[in-house]
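J.: Structure file work-v9.cif (mmCIF, C-alpha atoms) is given on the next line.
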data_my_file
loop_
_atom_site.label_atom_id
_atom_site.label_comp_id
_atom_site.auth_asym_id
_atom_site.auth_seq_id
_atom_site.Cartn_x
_atom_site.Cartn_y
_atom_site.Cartn_z
CA MET A 12 58.34 -22.72 37.17
CA ALA A 13 59.63 -26.25 37.66
CA ARG A 14 62.81 -26.93 35.78
CA GLU A 15 63.35 -30.38 34.37
CA GLY A 16 66.16 -32.28 36.09
CA GLY A 17 69.13 -33.84 34.39
CA ARG A 18 72.90 -34.06 34.27
CA ASP A 19 73.34 -30.32 33.80
CA ALA A 20 70.54 -29.15 36.12
CA PRO A 21 71.13 -27.31 39.42
CA ASN A 22 72.20 -29.48 42.36
CA PRO A 23 71.27 -27.54 45.51
CA PHE A 24 72.53 -30.02 48.12
CA ILE A 25 75.92 -30.31 46.37
CA ASP A 26 76.02 -26.53 46.01
CA HIS A 27 75.51 -26.09 49.77
CA LEU A 28 78.31 -28.58 50.35
CA GLY A 29 80.66 -26.58 48.12
CA LEU A 30 82.02 -29.58 46.22
CA GLU A 31 84.51 -28.63 43.51
CA ILE A 32 84.98 -31.14 40.68
CA VAL A 33 88.63 -30.79 39.63
CA GLU A 34 88.71 -33.41 36.88
CA ALA A 35 86.49 -36.24 35.64
CA THR A 36 87.74 -38.38 32.79
CA GLN A 37 87.94 -42.04 31.83
CA GLY A 38 86.22 -43.30 34.96
CA VAL A 39 88.27 -41.31 37.47
CA CYS A 40 87.13 -38.14 39.21
CA ARG A 41 89.12 -35.88 41.50
CA ALA A 42 87.28 -33.38 43.66
CA ARG A 43 88.01 -30.90 46.42
CA LEU A 44 85.94 -29.74 49.38
CA PRO A 45 86.76 -26.75 51.60
CA VAL A 46 85.51 -27.84 55.03
CA GLY A 47 83.81 -24.75 56.45
CA GLY A 48 81.80 -24.55 59.64
CA HIS A 49 78.58 -25.10 57.68
CA LEU A 50 79.66 -28.74 57.28
CA PHE A 51 80.42 -29.33 60.94
CA ASN A 52 78.66 -31.66 63.34
CA ARG A 53 78.31 -30.90 67.06
CA TYR A 54 81.91 -31.90 67.68
CA ARG A 55 83.13 -29.18 65.31
CA VAL A 56 84.43 -31.64 62.72
CA ALA A 57 83.00 -32.44 59.27
CA HIS A 58 79.68 -34.28 59.59
CA GLY A 59 79.80 -37.84 58.29
CA GLY A 60 76.90 -36.94 56.02
CA ALA A 61 78.94 -34.17 54.42
CA LEU A 62 81.85 -36.50 53.69
CA PHE A 63 79.41 -39.13 52.40
CA THR A 64 77.85 -36.56 50.08
CA MET A 65 81.33 -35.70 48.75
CA VAL A 66 82.00 -39.37 48.08
CA ASP A 67 78.66 -39.95 46.35
CA GLY A 68 78.98 -36.81 44.23
CA THR A 69 82.55 -37.63 43.18
CA MET A 70 81.66 -41.25 42.39
CA SER A 71 78.75 -40.13 40.20
CA GLU A 72 81.03 -37.84 38.19
CA ALA A 73 83.58 -40.63 37.75
CA LEU A 74 80.85 -42.87 36.40
CA LEU A 75 79.26 -40.21 34.18
CA SER A 76 82.67 -39.66 32.57
CA LEU A 77 82.34 -43.17 31.08
CA LEU A 78 78.74 -42.77 29.93
CA GLY A 79 77.21 -41.21 26.82
CA ALA A 80 75.72 -37.73 26.85
CA GLY A 81 72.16 -39.08 27.17
CA ASP A 82 72.99 -41.73 29.78
CA ASP A 83 72.50 -41.31 33.49
CA CYS A 84 73.14 -43.02 36.83
CA ARG A 85 71.54 -43.42 40.26
CA THR A 86 73.03 -44.68 43.53
CA ILE A 87 71.81 -48.15 44.53
CA GLU A 88 73.89 -48.48 47.71
CA ASN A 89 77.00 -47.01 49.25
CA LYS A 90 79.18 -47.95 52.23
CA ILE A 91 81.60 -45.54 53.88
CA ASN A 92 84.24 -46.05 56.56
CA TYR A 93 85.42 -43.04 58.55
CA VAL A 94 89.07 -43.15 59.54
CA ARG A 95 90.01 -39.65 60.75
CA PRO A 96 88.06 -36.53 61.77
CA VAL A 97 88.34 -33.37 59.66
CA GLY A 98 88.36 -30.17 61.70
CA GLY A 99 88.75 -27.71 58.83
CA GLY A 100 90.96 -26.96 55.83
CA ALA A 101 90.19 -28.82 52.64
CA VAL A 102 89.91 -32.48 51.71
CA THR A 103 90.33 -34.16 48.35
CA CYS A 104 88.47 -37.15 46.97
CA GLU A 105 89.44 -39.51 44.20
CA ALA A 106 86.73 -41.81 42.86
CA ARG A 107 87.44 -44.65 40.43
CA VAL A 108 85.03 -46.87 38.50
CA LEU A 109 85.92 -50.51 39.16
CA HIS A 110 83.29 -51.95 36.84
CA CYS A 111 80.87 -50.37 34.40
CA GLY A 112 78.34 -52.79 32.91
CA ARG A 113 75.28 -52.17 30.78
CA THR A 114 72.92 -51.64 33.76
CA THR A 115 75.09 -51.43 36.90
CA ALA A 116 78.47 -50.12 37.97
CA VAL A 117 80.79 -50.38 40.99
CA VAL A 118 82.76 -47.34 42.11
CA GLU A 119 85.26 -46.79 44.94
CA ALA A 120 86.45 -43.55 46.50
CA THR A 121 88.96 -42.27 49.02
CA ILE A 122 88.95 -38.94 50.84
CA MET A 123 92.37 -37.62 51.88
CA GLN A 124 93.67 -34.70 53.91
CA HIS A 125 97.39 -33.93 54.20
CA ASP A 126 98.33 -37.28 52.63
CA LYS A 127 96.28 -39.18 55.20
CA VAL A 128 93.14 -41.18 54.53
CA VAL A 129 90.01 -39.62 56.02
CA ALA A 130 87.36 -42.00 54.63
CA VAL A 131 86.97 -44.82 52.12
CA ALA A 132 83.80 -45.91 50.33
CA GLN A 133 82.46 -48.34 47.77
CA GLY A 134 79.12 -48.02 46.00
CA SER A 135 76.85 -49.62 43.42
CA TYR A 136 75.11 -47.53 40.78
CA ALA A 137 72.28 -48.16 38.37
CA VAL A 138 73.24 -47.16 34.83
CA GLN A 139 70.46 -45.80 32.63
CA ARG A 140 71.37 -45.96 28.96
CA ASP A 141 69.75 -43.63 26.45
CA GLY A 142 68.25 -46.15 24.03
CA MET B 5 85.15 -17.40 70.14
CA ALA B 6 85.36 -21.12 69.51
CA ARG B 7 82.71 -23.09 71.34
CA GLU B 8 83.61 -26.49 72.66
CA GLY B 9 81.77 -29.26 70.86
CA GLY B 10 79.67 -31.90 72.52
CA ARG B 11 76.28 -33.56 72.62
CA ASP B 12 74.41 -30.30 73.14
CA ALA B 13 76.52 -28.10 70.85
CA PRO B 14 75.23 -26.62 67.56
CA ASN B 15 75.12 -29.00 64.61
CA PRO B 16 75.21 -26.82 61.47
CA PHE B 17 75.02 -29.56 58.85
CA ILE B 18 72.02 -31.19 60.56
CA ASP B 19 70.43 -27.75 60.96
CA HIS B 20 70.73 -27.11 57.21
CA LEU B 21 69.14 -30.49 56.58
CA GLY B 22 66.21 -29.60 58.85
CA LEU B 23 66.14 -32.90 60.71
CA GLU B 24 63.48 -33.02 63.44
CA ILE B 25 64.02 -35.55 66.24
CA VAL B 26 60.55 -36.67 67.28
CA GLU B 27 61.52 -39.12 70.03
CA ALA B 28 64.65 -40.89 71.24
CA THR B 29 64.37 -43.37 74.07
CA GLN B 30 65.61 -46.84 74.99
CA GLY B 31 67.67 -47.29 71.85
CA VAL B 32 65.02 -46.23 69.35
CA CYS B 33 64.81 -42.85 67.65
CA ARG B 34 62.08 -41.52 65.38
CA ALA B 35 62.81 -38.49 63.24
CA ARG B 36 61.14 -36.48 60.50
CA LEU B 37 62.58 -34.57 57.56
CA PRO B 38 60.66 -32.13 55.37
CA VAL B 39 62.24 -32.59 51.92
CA GLY B 40 62.56 -29.09 50.54
CA GLY B 41 64.33 -28.07 47.35
CA HIS B 42 67.52 -27.33 49.31
CA LEU B 43 67.96 -31.11 49.68
CA PHE B 44 67.47 -31.92 46.00
CA ASN B 45 70.00 -33.33 43.57
CA ARG B 46 70.01 -32.46 39.88
CA TYR B 47 67.10 -34.80 39.23
CA ARG B 48 64.89 -32.81 41.64
CA VAL B 49 64.68 -35.59 44.21
CA ALA B 50 66.32 -35.79 47.65
CA HIS B 51 70.10 -36.18 47.31
CA GLY B 52 71.38 -39.51 48.58
CA GLY B 53 73.70 -37.57 50.86
CA ALA B 54 70.74 -35.83 52.49
CA LEU B 55 68.97 -39.14 53.20
CA PHE B 56 72.24 -40.61 54.45
CA THR B 57 72.68 -37.65 56.79
CA MET B 58 69.16 -38.24 58.14
CA VAL B 59 69.99 -41.89 58.76
CA ASP B 60 73.28 -41.12 60.49
CA GLY B 61 71.77 -38.39 62.65
CA THR B 62 68.81 -40.55 63.69
CA MET B 63 71.06 -43.54 64.45
CA SER B 64 73.28 -41.38 66.65
CA GLU B 65 70.30 -40.18 68.68
CA ALA B 66 69.04 -43.76 69.08
CA LEU B 67 72.44 -44.77 70.43
CA LEU B 68 72.85 -41.71 72.67
CA SER B 69 69.50 -42.56 74.29
CA LEU B 70 71.20 -45.66 75.73
CA LEU B 71 74.37 -43.90 76.90
CA GLY B 72 75.15 -41.91 80.01
CA ALA B 73 75.16 -38.10 80.01
CA GLY B 74 78.96 -37.94 79.67
CA ASP B 75 79.24 -40.69 77.06
CA ASP B 76 79.51 -40.09 73.36
CA CYS B 77 79.58 -41.87 70.00
CA ARG B 78 81.19 -41.59 66.57
CA THR B 79 80.32 -43.29 63.28
CA ILE B 80 82.81 -45.99 62.25
CA GLU B 81 81.02 -47.08 59.07
CA ASN B 82 77.58 -46.94 57.54
CA LYS B 83 75.95 -48.62 54.55
CA ILE B 84 72.78 -47.35 52.92
CA ASN B 85 70.53 -48.82 50.22
CA TYR B 86 68.25 -46.52 48.26
CA VAL B 87 64.93 -48.05 47.25
CA ARG B 88 62.71 -45.17 46.10
CA PRO B 89 63.29 -41.54 45.10
CA VAL B 90 61.78 -38.75 47.24
CA GLY B 91 60.50 -35.80 45.22
CA GLY B 92 59.17 -33.72 48.12
CA GLY B 93 56.86 -33.93 51.11
CA ALA B 94 58.32 -35.35 54.29
CA VAL B 95 60.01 -38.62 55.19
CA THR B 96 60.29 -40.36 58.54
CA CYS B 97 63.17 -42.40 59.90
CA GLU B 98 63.21 -44.99 62.66
CA ALA B 99 66.61 -46.05 63.97
CA ARG B 100 67.07 -48.96 66.37
CA VAL B 101 70.17 -50.06 68.28
CA LEU B 102 70.79 -53.75 67.57
CA HIS B 103 73.79 -54.06 69.89
CA CYS B 104 75.39 -51.68 72.35
CA GLY B 105 78.65 -52.92 73.82
CA ARG B 106 81.25 -51.15 75.94
CA THR B 107 83.19 -49.70 72.99
CA THR B 108 81.11 -50.35 69.84
CA ALA B 109 77.47 -50.47 68.78
CA VAL B 110 75.45 -51.60 65.76
CA VAL B 111 72.43 -49.58 64.66
CA GLU B 112 69.90 -50.03 61.84
CA ALA B 113 67.54 -47.50 60.32
CA THR B 114 64.73 -47.29 57.79
CA ILE B 115 63.43 -44.20 56.00
CA MET B 116 59.76 -44.32 54.97
CA GLN B 117 57.39 -42.14 52.97
CA HIS B 118 53.67 -42.87 52.68
CA ASP B 119 54.14 -46.34 54.22
CA LYS B 120 56.75 -47.27 51.63
CA VAL B 121 60.44 -47.87 52.28
CA VAL B 122 62.71 -45.19 50.83
CA ALA B 123 66.07 -46.35 52.19
CA VAL B 124 67.56 -48.81 54.68
CA ALA B 125 70.89 -48.58 56.46
CA GLN B 126 73.10 -50.31 58.99
CA GLY B 127 76.04 -48.73 60.77
CA SER B 128 78.75 -49.33 63.34
CA TYR B 129 79.54 -46.75 66.00
CA ALA B 130 82.40 -46.23 68.43
CA VAL B 131 81.12 -45.71 71.97
CA GLN B 132 83.16 -43.41 74.16
CA ARG B 133 82.38 -43.94 77.83
CA ASP B 134 82.96 -41.20 80.36
CA GLY B 135 85.33 -42.94 82.74
#
Taking this structure as input, can you express it in the form of structure tokens?
T.:
Amino acid sequence: MAREGGRDAPNPFIDHLGLEIVEATQGVCRARLPVGGHLFNRYRVAHGGALFTMVDGTMSEALLSLLGAGDDCRTIENKINYVRPVGGGAVTCEARVLHCGRTTAVVEATIMQHDKVVAVAQGSYAVQRDG
Amino acid sequence: MAREGGRDAPNPFIDHLGLEIVEATQGVCRARLPVGGHLFNRYRVAHGGALFTMVDGTMSEALLSLLGAGDDCRTIENKINYVRPVGGGAVTCEARVLHCGRTTAVVEATIMQHDKVVAVAQGSYAVQRDG
């Protein structure tokens, strides 16, 4: 039977990724991603789409931490720069809300591995207020 | 035993996605993606990361169609705008190389469903020439 979606519903694509939300509070979210072979591209490094998905998921949690229980958000656009390849191990992501308005928000994120930047991103989100 | 990566090596993250390359020739690639539940986010529509991965994979194939057999490419940056949610069915993507220089390239892509735009993207790629 179809299950209604929402903030607490299952998230199959994020589950396949293996994203671990470490902390999300006051507009900042820290997450961790073990980079297993299931995330690799044909060069045996993390696929850009996997790192993008980490960024988008971490940004959403940062934004949701500022919203009310009935509020929600959707990605409008997102831009990522890749700086270094990731051949395994784990990466961390910190996302930070730069602006949260009534209907839109701007969020930035950085992925790091071993104190080096792996990717940086900035995105716009639609904010849906509950009433 | 570790397998050396390369253009023809396995691509586990793309395989999980289920991306089907329909055609890639002369700088244009057309691809198809059946949007199953494994690609959903918590709102039961395709995760933005899944659509981004489709875009990036299709762009790469468009670019590779212009390169020599020993050449290769890597994503430098990519920006995607989401226009409509995708709750199932299949989507198509057409990627087109706008510029292919000696060391960098610019590629654009559009994802469609039922003749409506789902997402648009533009990315920069590093071109690695074989000699």
J.: Taking the file above as input, evaluate the PyMOL selection byres ((chain B) within 6 of (chain A)) and report the hits as an NGL selection string.
T.: :B and (9-10 or 13-17 or 42-48 or 53 or 57 or 80-86)
J.: Can you pull out the residues contacting Thr115 (chain A)? Cut-off 6 Å, using only C-alpha atoms, and skip same-chain residues under 2 positions away; I want them as JSON, numbers by chain.
T.: {"A": [112, 136, 137, 138]}
J.: Store the residues of this selection in a file with C-alpha atoms, as a PDB file, keeping the file's coordinate frame.
T.:
ATOM      1  CA  GLY A 112      78.340 -52.790  32.910  1.00  0.00           C
ATOM      2  CA  TYR A 136      75.110 -47.530  40.780  1.00  0.00           C
ATOM      3  CA  ALA A 137      72.280 -48.160  38.370  1.00  0.00           C
ATOM      4  CA  VAL A 138      73.240 -47.160  34.830  1.00  0.00           C
TER       5      VAL A 138
END
J.: Between CA of Thr62 (chain B) and CA of Cys97 (chain B), what is the distance, to one decimal in Å?
T.: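 The value is 7.0 Å.
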J.: Around the point (57.1, -45.5, 54.1) in the file's coordinates, collect all residues with an atom within 12 Å, using only C-alpha atoms, and return them as a PyMOL selection string.
T.: chain B and resi 36+87-90+93-98+114-124
J.: Could you pull out every residue with an atom within 8 Å of (87.9, -44.5, 41.2), file coordinates, counting all atoms listed in the file, and send them as JSON, numbers by chain?
T.: {"A": [38, 39, 40, 70, 73, 105, 106, 107, 108, 109, 118, 119, 120]}
J.: Produce a file of the selected residues containing C-alpha atoms, as an mmCIF file, in the coordinates of the input.
T.:
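Generated file (selection_12.cif):
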data_model
loop_
_atom_site.group_PDB
_atom_site.id
_atom_site.type_symbol
_atom_site.label_atom_id
_atom_site.label_comp_id
_atom_site.auth_asym_id
_atom_site.auth_seq_id
_atom_site.Cartn_x
_atom_site.Cartn_y
_atom_site.Cartn_z
ATOM 1 C CA GLY A 38 86.220 -43.300 34.960
ATOM 2 C CA VAL A 39 88.270 -41.310 37.470
ATOM 3 C CA CYS A 40 87.130 -38.140 39.210
ATOM 4 C CA MET A 70 81.660 -41.250 42.390
ATOM 5 C CA ALA A 73 83.580 -40.630 37.750
ATOM 6 C CA GLU A 105 89.440 -39.510 44.200
ATOM 7 C CA ALA A 106 86.730 -41.810 42.860
ATOM 8 C CA ARG A 107 87.440 -44.650 40.430
ATOM 9 C CA VAL A 108 85.030 -46.870 38.500
ATOM 10 C CA LEU A 109 85.920 -50.510 39.160
ATOM 11 C CA VAL A 118 82.760 -47.340 42.110
ATOM 12 C CA GLU A 119 85.260 -46.790 44.940
ATOM 13 C CA ALA A 120 86.450 -43.550 46.500
#
J.: Output, as JSON, the centre and edge lengths in Å (one decimal) of the axis-aligned box that contains all listed atoms of region 86-98 of chain B with 8 Å of margin on each side.
T.:
{"center_x": 62.6, "center_y": -40.9, "center_z": 53.9, "size_x": 27.4, "size_y": 30.3, "size_z": 33.6}
J.: So how far away is CA of Gly47 (chain A) from CA of Gln132 (chain B), in Å?
T.: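 These atoms are spaced 25.7 Å apart.
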J.: Written as an mmCIF file with C-alpha atoms, keeping the file's coordinate frame, what is the full residue list that the PyMOL selection byres ((chain A and resi 141) around 12) yields on the file shown?
T.:
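Result saved to expr-v6.cif:
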data_model
loop_
_atom_site.group_PDB
_atom_site.id
_atom_site.type_symbol
_atom_site.label_atom_id
_atom_site.label_comp_id
_atom_site.auth_asym_id
_atom_site.auth_seq_id
_atom_site.Cartn_x
_atom_site.Cartn_y
_atom_site.Cartn_z
ATOM 1 C CA LEU A 78 78.740 -42.770 29.930
ATOM 2 C CA GLY A 79 77.210 -41.210 26.820
ATOM 3 C CA ALA A 80 75.720 -37.730 26.850
ATOM 4 C CA GLY A 81 72.160 -39.080 27.170
ATOM 5 C CA ASP A 82 72.990 -41.730 29.780
ATOM 6 C CA ASP A 83 72.500 -41.310 33.490
ATOM 7 C CA CYS A 84 73.140 -43.020 36.830
ATOM 8 C CA ARG A 113 75.280 -52.170 30.780
ATOM 9 C CA THR A 114 72.920 -51.640 33.760
ATOM 10 C CA VAL A 138 73.240 -47.160 34.830
ATOM 11 C CA GLN A 139 70.460 -45.800 32.630
ATOM 12 C CA ARG A 140 71.370 -45.960 28.960
ATOM 13 C CA GLY A 142 68.250 -46.150 24.030
#
J.: Just how far from CA of Val110 (chain B) is CA of Leu68 (chain B), in Å to one decimal?
T.: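 So the answer is 12.3 Å.
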J.: Check the smallest atom-to-atom distance from each of A:Leu74, A:Gly29, A:Arg41, A:Thr36 to His110 (chain A) using only C-alpha atoms, then report the winner.
T.: A:Leu74
